[in-house]
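S.K.: Have a peek at protein_16.tsv (TSV, C-alpha atoms).
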```
chain	number	residue	atom	x	y	z
A	1	MET	CA	-34.53	26.44	47.19
A	2	SER	CA	-32.34	23.98	45.32
A	3	VAL	CA	-30.44	24.76	42.15
A	4	LEU	CA	-32.85	22.60	40.14
A	5	ASP	CA	-35.74	24.81	41.27
A	6	ASN	CA	-33.98	28.03	40.36
A	7	GLU	CA	-35.98	30.04	37.82
A	8	LEU	CA	-33.02	30.51	35.51
A	9	PHE	CA	-32.14	26.81	35.58
A	10	VAL	CA	-35.76	25.91	34.85
A	11	LYS	CA	-35.70	28.14	31.78
A	12	VAL	CA	-32.40	26.64	30.66
A	13	GLN	CA	-33.55	23.05	31.15
A	14	ASN	CA	-36.76	23.70	29.21
A	15	ALA	CA	-34.82	25.33	26.37
A	16	VAL	CA	-32.34	22.44	26.25
A	17	PHE	CA	-35.00	19.75	26.42
A	18	ASP	CA	-37.22	21.34	23.77
A	19	TYR	CA	-34.39	22.47	21.50
A	20	PRO	CA	-35.18	21.41	17.91
A	21	VAL	CA	-32.79	19.01	16.24
A	22	PHE	CA	-33.32	20.57	12.82
A	23	PRO	CA	-31.62	22.60	11.48
A	24	THR	CA	-28.99	23.85	13.94
A	25	LEU	CA	-27.96	20.43	15.27
A	26	TRP	CA	-28.57	18.31	12.21
A	27	ILE	CA	-26.72	20.40	9.61
A	28	PRO	CA	-23.46	20.55	11.64
A	29	HIS	CA	-23.75	16.78	12.06
A	30	CYS	CA	-24.09	16.34	8.28
A	31	ILE	CA	-21.07	18.55	7.67
A	32	MET	CA	-18.97	16.72	10.27
A	33	MET	CA	-19.85	13.33	8.80
A	34	SER	CA	-18.93	14.43	5.28
A	35	LEU	CA	-15.65	15.72	6.68
A	36	ALA	CA	-15.14	12.36	8.39
A	37	LEU	CA	-15.70	10.59	5.06
A	38	ARG	CA	-13.25	12.91	3.35
A	39	ASN	CA	-10.69	12.16	6.04
A	40	THR	CA	-11.26	8.41	5.59
A	41	LEU	CA	-10.68	8.67	1.85
A	42	GLY	CA	-7.39	10.45	2.57
A	43	GLY	CA	-5.32	12.09	-0.13
A	44	ASN	CA	-7.35	10.44	-2.87
A	45	TRP	CA	-10.63	12.06	-1.79
A	46	ARG	CA	-10.72	14.40	-4.79
A	47	GLY	CA	-10.09	11.72	-7.39
A	48	PHE	CA	-12.51	9.28	-5.77
A	49	SER	CA	-15.31	11.84	-5.45
A	50	ARG	CA	-14.93	12.88	-9.11
A	51	GLN	CA	-14.55	9.40	-10.56
A	52	HIS	CA	-17.16	7.72	-8.35
A	53	PRO	CA	-19.69	10.38	-7.28
A	54	MET	CA	-22.48	7.86	-6.64
A	55	SER	CA	-20.26	5.71	-4.44
A	56	CYS	CA	-19.15	8.83	-2.59
A	57	PHE	CA	-22.79	9.83	-2.07
A	58	ILE	CA	-23.76	6.39	-0.76
A	59	LEU	CA	-20.85	6.43	1.67
A	60	ALA	CA	-21.83	9.92	2.85
A	61	THR	CA	-25.37	8.64	3.44
A	62	LEU	CA	-24.09	5.72	5.51
A	63	TYR	CA	-21.79	8.02	7.47
A	64	THR	CA	-24.63	10.46	8.21
A	65	PHE	CA	-27.45	8.02	9.05
A	66	PRO	CA	-25.73	4.98	10.64
A	67	GLY	CA	-27.64	5.18	13.91
A	68	GLY	CA	-30.98	5.64	12.19
A	69	ILE	CA	-30.35	2.71	9.86
A	70	LEU	CA	-29.24	0.46	12.70
A	71	ALA	CA	-32.13	1.49	14.93
A	72	THR	CA	-34.80	0.84	12.30
A	73	ALA	CA	-33.25	-2.55	11.57
A	74	MET	CA	-33.42	-3.40	15.29
A	75	LEU	CA	-37.12	-2.49	15.25
A	76	ALA	CA	-37.69	-4.67	12.16
A	77	GLN	CA	-38.61	-1.62	10.10
A	78	PRO	CA	-37.44	-0.69	6.57
A	79	VAL	CA	-33.83	0.44	6.84
A	80	LEU	CA	-34.43	3.19	4.26
A	81	SER	CA	-37.26	4.77	6.25
A	82	PHE	CA	-34.90	7.61	7.19
A	83	MET	CA	-35.46	8.89	3.64
A	84	LEU	CA	-39.05	9.77	4.56
A	85	ASN	CA	-37.68	12.85	6.35
A	86	THR	CA	-37.03	15.00	3.29
A	87	PRO	CA	-35.44	18.06	5.00
A	88	PHE	CA	-32.92	15.86	6.79
A	89	VAL	CA	-31.96	14.09	3.56
A	90	LEU	CA	-31.68	17.36	1.65
A	91	ALA	CA	-29.43	18.79	4.38
A	92	MET	CA	-27.20	15.74	4.10
A	93	MET	CA	-27.03	16.04	0.33
A	94	GLY	CA	-26.19	19.74	0.45
A	95	SER	CA	-23.51	19.25	3.11
A	96	TRP	CA	-21.94	16.38	1.16
A	97	TYR	CA	-21.87	18.40	-2.05
A	98	LEU	CA	-20.31	21.46	-0.39
A	99	VAL	CA	-17.62	19.43	1.38
A	100	PHE	CA	-16.58	17.57	-1.76
A	101	TYR	CA	-17.45	19.82	-4.70
A	102	SER	CA	-17.48	23.48	-3.66
A	103	PRO	CA	-15.48	25.71	-6.05
A	104	ASN	CA	-11.81	25.96	-5.08
A	105	ASP	CA	-12.65	23.92	-1.96
A	106	LEU	CA	-13.89	27.13	-0.34
A	107	PHE	CA	-16.42	25.47	1.95
A	108	PHE	CA	-13.85	23.10	3.43
A	109	GLN	CA	-11.46	26.00	4.00
A	110	LEU	CA	-14.22	28.01	5.66
A	111	VAL	CA	-15.12	25.27	8.09
A	112	THR	CA	-11.59	24.18	8.97
A	113	LYS	CA	-9.81	27.54	9.01
A	114	THR	CA	-12.35	29.59	10.97
A	115	GLY	CA	-12.72	27.33	14.01
A	116	LEU	CA	-16.22	26.12	13.14
A	117	ILE	CA	-15.18	22.55	13.91
A	118	LEU	CA	-15.55	23.14	17.67
A	119	PRO	CA	-19.14	24.47	17.66
A	120	PHE	CA	-20.10	21.89	15.04
A	121	SER	CA	-18.66	19.13	17.26
A	122	GLY	CA	-20.59	20.51	20.23
A	123	ALA	CA	-23.80	20.53	18.19
A	124	GLN	CA	-23.11	16.93	17.22
A	125	ASP	CA	-22.68	15.92	20.87
A	126	PHE	CA	-25.97	17.66	21.69
A	127	LEU	CA	-27.65	15.79	18.83
A	128	ARG	CA	-26.32	12.46	20.08
A	129	LEU	CA	-27.90	13.00	23.49
A	130	HIS	CA	-31.22	13.79	21.81
A	131	LEU	CA	-30.88	10.48	19.96
A	132	VAL	CA	-30.13	8.70	23.24
A	133	LEU	CA	-33.25	10.21	24.79
A	134	SER	CA	-35.50	9.33	21.86
A	135	GLY	CA	-34.04	5.82	21.77
A	136	VAL	CA	-34.75	5.22	25.45
A	137	GLN	CA	-38.27	6.64	25.12
A	138	THR	CA	-39.02	4.53	22.04
A	139	ILE	CA	-38.18	1.24	23.74
A	140	HIS	CA	-39.69	2.28	27.07
A	141	GLN	CA	-43.04	2.76	25.32
A	142	LEU	CA	-42.83	-0.70	23.74
A	143	HIS	CA	-41.33	-2.53	26.74
A	144	PRO	CA	-41.88	-0.43	29.88
A	145	GLY	CA	-40.09	-2.75	32.29
A	146	SER	CA	-36.98	-3.45	30.24
A	147	PHE	CA	-33.51	-2.17	31.19
A	148	PHE	CA	-30.96	-3.65	28.81
A	149	TYR	CA	-32.99	-3.27	25.62
A	150	PRO	CA	-33.44	0.53	25.82
A	151	VAL	CA	-29.80	0.96	26.87
A	152	VAL	CA	-28.47	-1.03	23.91
A	153	PHE	CA	-30.96	0.49	21.49
A	154	ALA	CA	-30.10	4.06	22.56
A	155	ILE	CA	-26.38	3.33	22.21
A	156	CYS	CA	-26.87	1.97	18.70
A	157	LYS	CA	-29.10	4.87	17.67
A	158	SER	CA	-26.76	7.57	18.98
A	159	SER	CA	-23.42	5.90	18.21
A	160	GLY	CA	-24.05	3.91	15.06
A	161	PHE	CA	-20.97	5.47	13.48
A	162	MET	CA	-18.79	3.53	15.93
A	163	PHE	CA	-20.19	0.23	14.64
A	164	LEU	CA	-19.93	1.40	11.03
A	165	LYS	CA	-16.24	2.23	11.42
A	166	TYR	CA	-15.55	-1.16	12.99
A	167	ALA	CA	-17.37	-2.94	10.16
A	168	GLU	CA	-15.43	-0.78	7.71
A	169	TYR	CA	-12.16	-1.83	9.32
A	170	ILE	CA	-13.12	-5.52	9.24
A	171	LEU	CA	-13.94	-5.35	5.54
A	172	ALA	CA	-10.59	-3.72	4.81
A	173	ASN	CA	-8.29	-5.61	7.19
A	174	GLY	CA	-10.10	-8.65	8.59
A	175	LEU	CA	-10.69	-9.59	12.21
A	176	ASN	CA	-7.30	-8.59	13.55
A	177	GLN	CA	-8.24	-5.63	15.73
A	178	ALA	CA	-10.23	-5.58	18.95
A	179	PHE	CA	-13.49	-3.64	19.17
A	180	VAL	CA	-12.78	-0.41	21.03
A	181	ILE	CA	-14.68	2.73	22.01
A	182	PRO	CA	-12.25	5.41	20.85
A	183	HIS	CA	-13.87	8.69	21.82
A	184	HIS	CA	-15.33	10.34	24.91
A	185	SER	CA	-18.54	11.34	23.11
A	186	THR	CA	-19.48	7.70	22.54
A	187	LYS	CA	-18.67	6.87	26.15
A	188	THR	CA	-20.90	9.75	27.25
A	189	CYS	CA	-23.73	8.33	25.12
A	190	ILE	CA	-23.30	4.95	26.80
A	191	LEU	CA	-23.40	6.54	30.24
A	192	ALA	CA	-26.39	8.70	29.27
A	193	SER	CA	-28.24	5.64	27.95
A	194	VAL	CA	-27.88	3.92	31.31
A	195	ILE	CA	-28.82	7.00	33.33
A	196	LEU	CA	-31.85	7.93	31.22
A	197	THR	CA	-33.07	4.34	31.26
A	198	LEU	CA	-32.80	4.24	35.05
A	199	GLN	CA	-34.74	7.51	35.19
A	200	SER	CA	-37.46	6.16	32.90
A	201	LEU	CA	-37.82	3.14	35.19
A	202	GLY	CA	-38.23	5.41	38.21
A	203	HIS	CA	-34.94	4.52	39.88
A	204	LEU	CA	-33.52	8.06	40.02
A	205	PRO	CA	-34.91	10.86	42.23
A	206	ILE	CA	-34.76	13.52	39.50
A	207	ASP	CA	-37.09	14.63	36.74
A	208	LEU	CA	-36.24	14.03	33.11
A	209	LYS	CA	-35.79	17.64	31.99
A	210	PRO	CA	-33.18	18.71	34.58
A	211	LEU	CA	-31.38	15.39	34.19
A	212	PHE	CA	-31.16	15.80	30.42
A	213	ALA	CA	-29.94	19.39	30.79
A	214	ILE	CA	-27.22	18.25	33.18
A	215	LEU	CA	-26.10	15.53	30.77
A	216	VAL	CA	-25.93	18.03	27.91
A	217	GLY	CA	-23.89	20.41	30.07
A	218	ILE	CA	-21.46	17.63	31.01
A	219	SER	CA	-21.10	16.49	27.40
A	220	LEU	CA	-20.38	20.00	26.08
A	221	SER	CA	-17.93	20.62	28.92
A	222	PHE	CA	-16.07	17.42	28.05
A	223	ARG	CA	-15.92	18.52	24.43
A	224	LEU	CA	-14.38	21.85	25.33
A	225	LEU	CA	-11.91	20.39	27.82
A	226	THR	CA	-10.70	17.67	25.47
A	227	VAL	CA	-10.14	20.23	22.72
A	228	LEU	CA	-8.04	22.37	25.05
A	229	SER	CA	-6.05	19.40	26.39
A	230	SER	CA	-5.45	15.68	25.81
A	231	TRP	CA	-7.37	14.77	28.96
A	232	ASP	CA	-9.71	11.78	28.69
A	233	PRO	CA	-12.52	12.22	31.26
A	234	TYR	CA	-13.12	8.47	31.46
A	235	GLN	CA	-9.58	7.12	31.48
A	236	ALA	CA	-9.01	7.03	35.25
A	237	PHE	CA	-12.26	5.14	35.85
A	238	GLU	CA	-11.52	2.72	33.02
A	239	ASN	CA	-8.08	1.97	34.41
A	240	VAL	CA	-9.36	1.24	37.91
A	241	PHE	CA	-12.32	-0.79	36.63
A	242	CYS	CA	-10.14	-2.91	34.33
A	243	ALA	CA	-7.65	-3.50	37.11
A	244	ILE	CA	-10.34	-4.65	39.53
A	245	ALA	CA	-12.66	-6.54	37.17
A	246	PHE	CA	-10.19	-8.08	34.72
A	247	GLY	CA	-6.93	-8.14	36.63
A	248	ARG	CA	-5.17	-5.72	34.33
A	249	PRO	CA	-2.58	-3.61	36.16
A	250	ILE	CA	-3.44	0.07	36.20
A	251	GLU	CA	0.00	1.04	34.95
A	252	ASN	CA	-0.58	-1.03	31.80
A	253	ALA	CA	-3.81	0.75	31.05
A	254	SER	CA	-2.28	4.14	30.44
A	255	PRO	CA	-4.04	6.39	27.94
A	256	SER	CA	-2.73	6.84	24.45
A	257	LYS	CA	-0.22	9.60	24.09
A	258	LYS	CA	-1.71	10.67	20.82
A	259	LYS	CA	-4.82	12.74	21.01
A	260	ASN	CA	-7.58	11.54	18.74
A	261	LYS	CA	-8.69	14.68	16.98
A	262	LYS	CA	-11.17	13.02	14.69
A	263	GLU	CA	-14.82	12.49	15.46
A	264	ASP	CA	-16.02	8.95	16.15
```
Show me this structure written as C-alpha cells.

M.R.:
Amino acid sequence: MSVLDNELFVKVQNAVFDYPVFPTLWIPHCIMMSLALRNTLGGNWRGFSRQHPMSCFILATLYTFPGGILATAMLAQPVLSFMLNTPFVLAMMGSWYLVFYSPNDLFFQLVTKTGLILPFSGAQDFLRLHLVLSGVQTIHQLHPGSFFYPVVFAICKSSGFMFLKYAEYILANGLNQAFVIPHHSTKTCILASVILTLQSLGHLPIDLKPLFAILVGISLSFRLLTVLSSWDPYQAFENVFCAIAFGRPIENASPSKKKNKKED
C-alpha cells in the first residue's frame, strides 16, 4: 500500500482539501495585509490613518482584495463584486480598524509580540493555494483544453498583491526598477498553478486531493524553514536556469544577503 492510500493520509488530504477559507484563513490574511499597509506607510502611519481615514481604508481594501479585483477584471466582471461577500468584507474592515485604531496600539502589540505572525503567515500561504486551486478550476470549466490561461489566471488571483506593489512602486518612482518576484510564497503559487493545471488536463498520474495536500505541506514547510533561516528554496534552481537559459553566470546570481521578512 502506497503512502497516498494510507488511511491517515487520506483523512489529512480530505481535511486539507475541504478546509474552509473563512474564518481561520481569511481573517489572518486580512490582519497581515493591514500590517503590510502599515509597514508601507512607515513612521507616518499614525498621522496618515488619523488625517485620512477614508484613504487608509481604501488602501487596506486594495491590499486585502488585489487578487480578487484582478481576477474579476480578467473575467470581464464588475471589479467591486468582491463586496457581495459580506462576511469577508466585514472581516477586512474589523482587521483594518484593529491594526490602525486599537486603544494604545494593543492589537498590534499582541500580534507582533506574541509570535502570531508565523501562524498567520502560514494561514495566508494556505489561503493562496486555495485561490490557486479555485482559479485553475474556474478557467478549466470555461476553457477545458487551455494551459496558459488557467496558469496565468491562478497566479493573478493568488498573487495579486505582487502586481499591486509593482504598480505602487511605478506610481511613486517611475519605470526604473525591474519586475521581480521577491518572495518564496509567490513562487510556490506559480509552481502550484502549473502543477494543478497539468493535473486538471490529465497530464499527472495523481488525484487532485492528495496533490493539493502535498502542495500545502510543501508551502507550509517552506514558510517554517525560511523563518528559521535565510534559505531561499528556489534560489539554486533559479541560478542554474538563468545561467543556462540567459547566459548569466551562476556566481552573479547569488541570493540577496538580506532576508526579506515582509510578506509579498

S.K.: Select from stretch 69-169 of chain A every residue with an atom at most 6 Å from any atom of stretch 13-33 of chain A, then for each give the shortest pair of atoms and their distance in Å to one decimal, using only C-alpha atoms, rows by chain and rising number, as CSV.

M.R.:
```
residue,atom,partner,partner_atom,distance
A:Met92,CA,A:Cys30,CA,5.2
A:Ser95,CA,A:Ile31,CA,5.2
A:Phe120,CA,A:Pro28,CA,5.0
A:Ala123,CA,A:Leu25,CA,5.1
A:Gln124,CA,A:His29,CA,5.2
A:Leu127,CA,A:Leu25,CA,5.9
```

S.K.: Excluding A:Ile218 and residues on its chain fewer than 4 positions from it, collect all residues at most 12 Å away from it, counting all atoms listed in the file, and give them as a ChimeraX atom specification.

M.R.: /A:122,125-126,129,184-185,188-189,191-192,211-214,222-225,233

S.K.: Counting only C-alpha atoms, what is within 12 Å of stretch 165-180 of chain A, bar same-chain residues fewer than 5 positions away, as a PDB file with C-alpha atoms, in the frame of the given file?

M.R.:
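And here is the file that came out, around-v3.pdb:
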```pdb
ATOM      1  CA  MET A  33     -19.850  13.330   8.800  1.00  0.00           C
ATOM      2  CA  ALA A  36     -15.140  12.360   8.390  1.00  0.00           C
ATOM      3  CA  LEU A  37     -15.700  10.590   5.060  1.00  0.00           C
ATOM      4  CA  THR A  40     -11.260   8.410   5.590  1.00  0.00           C
ATOM      5  CA  LEU A  59     -20.850   6.430   1.670  1.00  0.00           C
ATOM      6  CA  LEU A  62     -24.090   5.720   5.510  1.00  0.00           C
ATOM      7  CA  TYR A  63     -21.790   8.020   7.470  1.00  0.00           C
ATOM      8  CA  PRO A  66     -25.730   4.980  10.640  1.00  0.00           C
ATOM      9  CA  SER A 159     -23.420   5.900  18.210  1.00  0.00           C
ATOM     10  CA  GLY A 160     -24.050   3.910  15.060  1.00  0.00           C
ATOM     11  CA  THR A 186     -19.480   7.700  22.540  1.00  0.00           C
ATOM     12  CA  LYS A 187     -18.670   6.870  26.150  1.00  0.00           C
ATOM     13  CA  GLU A 263     -14.820  12.490  15.460  1.00  0.00           C
ATOM     14  CA  ASP A 264     -16.020   8.950  16.150  1.00  0.00           C
TER      15      ASP A 264
END
```

S.K.: In terms of the shortest atom-to-atom distance over only C-alpha atoms, which of A:Phe246, A:Phe100, A:Phe161, A:Tyr234 is closest to A:Asn39?

M.R.: A:Phe100

S.K.: Using all atoms listed in the file, which of the listed residues (A:Leu215, A:Cys156, A:Ala236, A:Ile58) sits closest to A:Gly135?

M.R.: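 The shortest atom-to-atom distance to A:Gly135 comes from A:Cys156.
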
S.K.: For A:Phe57, list every protein, DNA or RNA residue within 10 Å, evaluated using all atoms listed in the file, and leave out those in the same chain fewer than 3 positions away; present the list as a list in words.

M.R.: Ser34, Ser49, His52, Pro53, Met54, Ala60, Thr61, Leu62, Tyr63, Met92, Met93, Trp96, Tyr97 and Phe100 of chain A

S.K.: What does the distance between atom CA of A:Phe65 and atom CA of A:Val99 come to in Å, to one decimal place?

M.R.: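 Interatomic distance, atom CA of A:Phe65 to atom CA of A:Val99: 16.9 Å.
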
S.K.: My list of candidates is A:Ala243, A:Ile190, A:Tyr149, A:Phe163. Which is closest to A:Leu75 when distances are computed with only C-alpha atoms?

M.R.: A:Tyr149

S.K.: Report, in Å to a single decimal, how far apart atom CA of A:Thr197 and atom CA of A:His143 are.

M.R.: 11.7 Å

S.K.: Using atom CA of A:Cys56 and atom CA of A:Gly42 as the two end points, give the distance in Å to one decimal.

M.R.: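 Answer for the atom CA of A:Cys56 to atom CA of A:Gly42 separation: 12.9 Å.
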
S.K.: Neighbouring residues of A:Met83 were defined as those with any atom within 12 Å, considering only C-alpha atoms; residues of the same chain fewer than 2 positions away were excluded. Please report them as number ranges by chain.

M.R.: A: 61-62, 64-65, 68-69, 72, 78-81, 85-93

S.K.: Once 3 Å is added on each side, what centre and edge lengths in Å to one decimal does the axis-aligned box around all listed atoms of stretch 223-230 of chain A have, as JSON?

M.R.:
```
{"center_x": -10.7, "center_y": 19.0, "center_z": 25.3, "size_x": 16.5, "size_y": 12.7, "size_z": 11.1}
```

S.K.: Mind checking which residues fall within 12 Å of A:Val136, counting all atoms listed in the file, ignoring those fewer than 2 positions away in the same chain, and posting them as a ChimeraX atom specification?

M.R.: /A:71,129-134,138-158,189-190,192-201,208

S.K.: Complete stretch 141-165 of chain A with N, CA, C and O atoms (output as a PDB file, keeping the file's coordinate frame).

M.R.:
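The result, written out as result.pdb:
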```pdb
ATOM      1  N   GLN A 141     -41.631   2.835  25.683  1.00  0.00           N
ATOM      2  CA  GLN A 141     -43.040   2.760  25.320  1.00  0.00           C
ATOM      3  C   GLN A 141     -43.438   1.355  24.888  1.00  0.00           C
ATOM      4  O   GLN A 141     -44.560   0.916  25.157  1.00  0.00           O
ATOM      5  N   LEU A 142     -42.521   0.654  24.220  1.00  0.00           N
ATOM      6  CA  LEU A 142     -42.830  -0.700  23.740  1.00  0.00           C
ATOM      7  C   LEU A 142     -42.660  -1.745  24.840  1.00  0.00           C
ATOM      8  O   LEU A 142     -43.439  -2.700  24.930  1.00  0.00           O
ATOM      9  N   HIS A 143     -41.642  -1.568  25.680  1.00  0.00           N
ATOM     10  CA  HIS A 143     -41.330  -2.530  26.740  1.00  0.00           C
ATOM     11  C   HIS A 143     -41.030  -1.764  28.028  1.00  0.00           C
ATOM     12  O   HIS A 143     -39.861  -1.555  28.378  1.00  0.00           O
ATOM     13  N   PRO A 144     -42.058  -1.340  28.747  1.00  0.00           N
ATOM     14  CA  PRO A 144     -41.880  -0.430  29.880  1.00  0.00           C
ATOM     15  C   PRO A 144     -40.980  -0.939  30.996  1.00  0.00           C
ATOM     16  O   PRO A 144     -40.370  -0.146  31.705  1.00  0.00           O
ATOM     17  N   GLY A 145     -40.881  -2.236  31.182  1.00  0.00           N
ATOM     18  CA  GLY A 145     -40.090  -2.750  32.290  1.00  0.00           C
ATOM     19  C   GLY A 145     -38.687  -3.165  31.942  1.00  0.00           C
ATOM     20  O   GLY A 145     -37.951  -3.667  32.795  1.00  0.00           O
ATOM     21  N   SER A 146     -38.282  -2.979  30.688  1.00  0.00           N
ATOM     22  CA  SER A 146     -36.980  -3.450  30.240  1.00  0.00           C
ATOM     23  C   SER A 146     -35.876  -2.473  30.613  1.00  0.00           C
ATOM     24  O   SER A 146     -36.065  -1.257  30.616  1.00  0.00           O
ATOM     25  N   PHE A 147     -34.679  -3.020  30.927  1.00  0.00           N
ATOM     26  CA  PHE A 147     -33.510  -2.170  31.190  1.00  0.00           C
ATOM     27  C   PHE A 147     -32.475  -2.290  30.083  1.00  0.00           C
ATOM     28  O   PHE A 147     -32.075  -1.284  29.484  1.00  0.00           O
ATOM     29  N   PHE A 148     -32.051  -3.490  29.759  1.00  0.00           N
ATOM     30  CA  PHE A 148     -30.960  -3.650  28.810  1.00  0.00           C
ATOM     31  C   PHE A 148     -31.349  -3.264  27.385  1.00  0.00           C
ATOM     32  O   PHE A 148     -30.527  -2.688  26.648  1.00  0.00           O
ATOM     33  N   TYR A 149     -32.572  -3.569  26.989  1.00  0.00           N
ATOM     34  CA  TYR A 149     -32.990  -3.270  25.620  1.00  0.00           C
ATOM     35  C   TYR A 149     -32.928  -1.772  25.320  1.00  0.00           C
ATOM     36  O   TYR A 149     -32.320  -1.357  24.318  1.00  0.00           O
ATOM     37  N   PRO A 150     -33.547  -0.898  26.126  1.00  0.00           N
ATOM     38  CA  PRO A 150     -33.440   0.530  25.820  1.00  0.00           C
ATOM     39  C   PRO A 150     -32.020   1.068  25.890  1.00  0.00           C
ATOM     40  O   PRO A 150     -31.653   1.966  25.127  1.00  0.00           O
ATOM     41  N   VAL A 151     -31.198   0.520  26.783  1.00  0.00           N
ATOM     42  CA  VAL A 151     -29.800   0.960  26.870  1.00  0.00           C
ATOM     43  C   VAL A 151     -29.071   0.639  25.573  1.00  0.00           C
ATOM     44  O   VAL A 151     -28.425   1.509  24.964  1.00  0.00           O
ATOM     45  N   VAL A 152     -29.164  -0.612  25.132  1.00  0.00           N
ATOM     46  CA  VAL A 152     -28.470  -1.030  23.910  1.00  0.00           C
ATOM     47  C   VAL A 152     -29.025  -0.309  22.691  1.00  0.00           C
ATOM     48  O   VAL A 152     -28.273   0.148  21.814  1.00  0.00           O
ATOM     49  N   PHE A 153     -30.339  -0.172  22.624  1.00  0.00           N
ATOM     50  CA  PHE A 153     -30.960   0.490  21.490  1.00  0.00           C
ATOM     51  C   PHE A 153     -30.524   1.956  21.406  1.00  0.00           C
ATOM     52  O   PHE A 153     -30.195   2.468  20.322  1.00  0.00           O
ATOM     53  N   ALA A 154     -30.506   2.645  22.534  1.00  0.00           N
ATOM     54  CA  ALA A 154     -30.100   4.060  22.560  1.00  0.00           C
ATOM     55  C   ALA A 154     -28.639   4.216  22.168  1.00  0.00           C
ATOM     56  O   ALA A 154     -28.268   5.170  21.480  1.00  0.00           O
ATOM     57  N   ILE A 155     -27.795   3.290  22.593  1.00  0.00           N
ATOM     58  CA  ILE A 155     -26.380   3.330  22.210  1.00  0.00           C
ATOM     59  C   ILE A 155     -26.241   3.169  20.697  1.00  0.00           C
ATOM     60  O   ILE A 155     -25.495   3.906  20.035  1.00  0.00           O
ATOM     61  N   CYS A 156     -26.952   2.205  20.140  1.00  0.00           N
ATOM     62  CA  CYS A 156     -26.870   1.970  18.700  1.00  0.00           C
ATOM     63  C   CYS A 156     -27.414   3.154  17.910  1.00  0.00           C
ATOM     64  O   CYS A 156     -26.848   3.543  16.875  1.00  0.00           O
ATOM     65  N   LYS A 157     -28.493   3.754  18.386  1.00  0.00           N
ATOM     66  CA  LYS A 157     -29.100   4.870  17.670  1.00  0.00           C
ATOM     67  C   LYS A 157     -28.217   6.110  17.697  1.00  0.00           C
ATOM     68  O   LYS A 157     -28.106   6.833  16.706  1.00  0.00           O
ATOM     69  N   SER A 158     -27.570   6.360  18.833  1.00  0.00           N
ATOM     70  CA  SER A 158     -26.760   7.570  18.980  1.00  0.00           C
ATOM     71  C   SER A 158     -25.327   7.390  18.505  1.00  0.00           C
ATOM     72  O   SER A 158     -24.663   8.372  18.147  1.00  0.00           O
ATOM     73  N   SER A 159     -24.829   6.151  18.508  1.00  0.00           N
ATOM     74  CA  SER A 159     -23.420   5.900  18.210  1.00  0.00           C
ATOM     75  C   SER A 159     -23.244   4.860  17.107  1.00  0.00           C
ATOM     76  O   SER A 159     -22.298   4.074  17.129  1.00  0.00           O
ATOM     77  N   GLY A 160     -24.145   4.872  16.155  1.00  0.00           N
ATOM     78  CA  GLY A 160     -24.050   3.910  15.060  1.00  0.00           C
ATOM     79  C   GLY A 160     -22.777   4.054  14.261  1.00  0.00           C
ATOM     80  O   GLY A 160     -22.293   3.077  13.682  1.00  0.00           O
ATOM     81  N   PHE A 161     -22.200   5.254  14.241  1.00  0.00           N
ATOM     82  CA  PHE A 161     -20.970   5.470  13.480  1.00  0.00           C
ATOM     83  C   PHE A 161     -19.831   4.613  14.013  1.00  0.00           C
ATOM     84  O   PHE A 161     -18.964   4.176  13.254  1.00  0.00           O
ATOM     85  N   MET A 162     -19.815   4.374  15.327  1.00  0.00           N
ATOM     86  CA  MET A 162     -18.790   3.530  15.930  1.00  0.00           C
ATOM     87  C   MET A 162     -18.851   2.118  15.345  1.00  0.00           C
ATOM     88  O   MET A 162     -17.809   1.539  14.988  1.00  0.00           O
ATOM     89  N   PHE A 163     -20.039   1.568  15.200  1.00  0.00           N
ATOM     90  CA  PHE A 163     -20.190   0.230  14.640  1.00  0.00           C
ATOM     91  C   PHE A 163     -19.874   0.222  13.139  1.00  0.00           C
ATOM     92  O   PHE A 163     -19.305  -0.742  12.621  1.00  0.00           O
ATOM     93  N   LEU A 164     -20.238   1.307  12.461  1.00  0.00           N
ATOM     94  CA  LEU A 164     -19.930   1.400  11.030  1.00  0.00           C
ATOM     95  C   LEU A 164     -18.423   1.400  10.800  1.00  0.00           C
ATOM     96  O   LEU A 164     -17.925   0.702   9.907  1.00  0.00           O
ATOM     97  N   LYS A 165     -17.682   2.159  11.601  1.00  0.00           N
ATOM     98  CA  LYS A 165     -16.240   2.230  11.420  1.00  0.00           C
ATOM     99  C   LYS A 165     -15.582   0.878  11.725  1.00  0.00           C
ATOM    100  O   LYS A 165     -14.608   0.498  11.068  1.00  0.00           O
TER     101      LYS A 165
END
```
